Amino acid sequence: MNAYEFIKRSILHGEYSPKMRLTEEYLANELNLSRTPIREALRKLESEGLIVSQKRGVYVRHFTKEDIEQIYDLRTLLEGYAASQAALHRKKENLEEMRKANKLYEEVITTYLETGETTIEYIVNINHRFHDAVIRASQNHHIHSHISKVVVVPLIFRSFYWFNEYQLRHSLEVHKTILKAIEEQDTERARAAMHEHIYHGRDQVLHHIEEIDHHYTTN
């Protein structure tokens with residue numbers, strides 16, 4: 001595991017808690033590395049929204065309730081538009097990519113629920129694969145750069161962290177609804193289903209915000 005992967009995993013799992021200051025010296029000692037790979041990892045993590053630079057150094061990002069509402073509102077608008085455009089402009093290879101992502105998503109959810117032999121991180125990654133496929137199907141090369149700025153990994157991870165079995169399976173069913181709408185070129189249904197999907201994740205984070213803050217500041 002390299003410096004970037006180690007620090008990212010530590011943030012997602014609350015080992016580096018929100019508002020915690022991360023110094024190059026501390027991380028270099030922790031990972032037994034020079035400061036150069038640490039510095040490169042921190043730059044990448046800042047671009048992903050996991051850490052923020054302030055006057056006194058670099059800190060693990062903390063999200064307020066208002067932050068969460070604003071981030072998810074923007075993401076819903078952008079991804080809803082992407083889904084509607086995908087319904088208009090998708091190509092055969094785009095549909096195949098989305099189908100493969102959904103099939104894998106169903107497999108990893110089933111494995112997680114029945115055996116626990118996969119992880120939330122992996123489920124999140126496969127979820128991203130489907131969303132990225134929808135964005136590519138929109139054939140709008142500008143959408144991805146805008147969406148990437150509001151797809152905040154810690155919030156997505158935390159929403160999945162609190163999903164129960166019903167909510168995980170519901171997430172899969174909404175994926176299928178989005179895919180069907182895109183297949184049938186139903187722009188409004190694709191947009192509405194994507195809205196539902198993203199707001200469902202937001203509601204989970206908001207519902208558990210106090211538990212989340214407590215969990216990530218005491219572990």
# chains A, B, ... in the order shown; residues from 1 in each chain; ligands from 1
call {"tool": "closest_atom_pairs", "arguments": {"of": "segment 26-84 of chain A", "to": "segment 8-19 of chain A", "cutoff": "7 Å", "atoms": "only C-alpha atoms", "output": "CSV"}}
result
residue,atom,partner,partner_atom,distance
A:Tyr59,CA,A:Lys19,CA,5.4
A:Val60,CA,A:Pro18,CA,4.9
A:Arg61,CA,A:Pro18,CA,5.5
A:His62,CA,A:Pro18,CA,4.8
call {"tool": "select_by_dssp", "arguments": {"residues": "segment 39-195 of chain A", "states": "strand (DSSP E)", "output": "PyMOL selection string"}}
result
chain A and resi 51-54+57-60
call {"tool": "select_by_dssp", "arguments": {"residues": "segment 8-134 of chain A", "states": "alpha helix (DSSP H)", "output": "ChimeraX atom specification"}}
result
/A:8-12,24-31,35-47,65-89,92-114,120-134
call {"tool": "atom_distance", "arguments": {"atom1": "atom CA of Leu50 of chain A", "atom2": "atom CA of Leu155 of chain A"}}
result
9.6 Å
call {"tool": "residues_around", "arguments": {"residues": "segment 139-152 of chain A", "least_positions_apart": "2", "cutoff": "7 Å", "atoms": "only C-alpha atoms", "output": "PyMOL selection string"}}
result
chain A and resi 48-49+71+74-75+78+89+135-137+154-156
call {"tool": "atom_distance", "arguments": {"atom1": "atom CA of Phe6 of chain A", "atom2": "atom CA of Trp162 of chain A"}}
result
22.5 Å
call {"tool": "closest_residue", "arguments": {"among": "A:Val134, A:Ile68, A:Ile126, A:Leu172", "to": "Arg158 of chain A", "atoms": "only C-alpha atoms"}}
result
A:Ile68
call {"tool": "closest_atom_pairs", "arguments": {"of": "segment 39-101 of chain A", "to": "segment 106-111 of chain A", "cutoff": "12 Å", "atoms": "only C-alpha atoms", "output": "Markdown table"}}
result
| residue | atom | partner | partner_atom | distance |
| --- | --- | --- | --- | --- |
| A:Arg99 | CA | A:Glu106 | CA | 10.6 |
| A:Lys100 | CA | A:Glu106 | CA | 10.0 |
| A:Ala101 | CA | A:Glu106 | CA | 8.7 |
call {"tool": "closest_residue", "arguments": {"among": "A:Glu96, A:Glu79, A:Glu46, A:Glu66", "to": "Leu179 of chain A", "atoms": "only C-alpha atoms"}}
result
A:Glu96
call {"tool": "residues_around", "arguments": {"residues": "segment 1-4 of chain A", "least_positions_apart": "4", "cutoff": "7 Å", "atoms": "only C-alpha atoms", "output": "PyMOL selection string"}}
result
chain A and resi 8+37-38+41
call {"tool": "closest_residue", "arguments": {"among": "A:Leu42, A:Ala28, A:Ala86, A:Leu22", "to": "Glu5 of chain A", "atoms": "only C-alpha atoms"}}
result
A:Leu42
call {"tool": "atom_distance", "arguments": {"atom1": "atom CA of Phe160 of chain A", "atom2": "atom CA of Glu184 of chain A"}}
result
28.8 Å
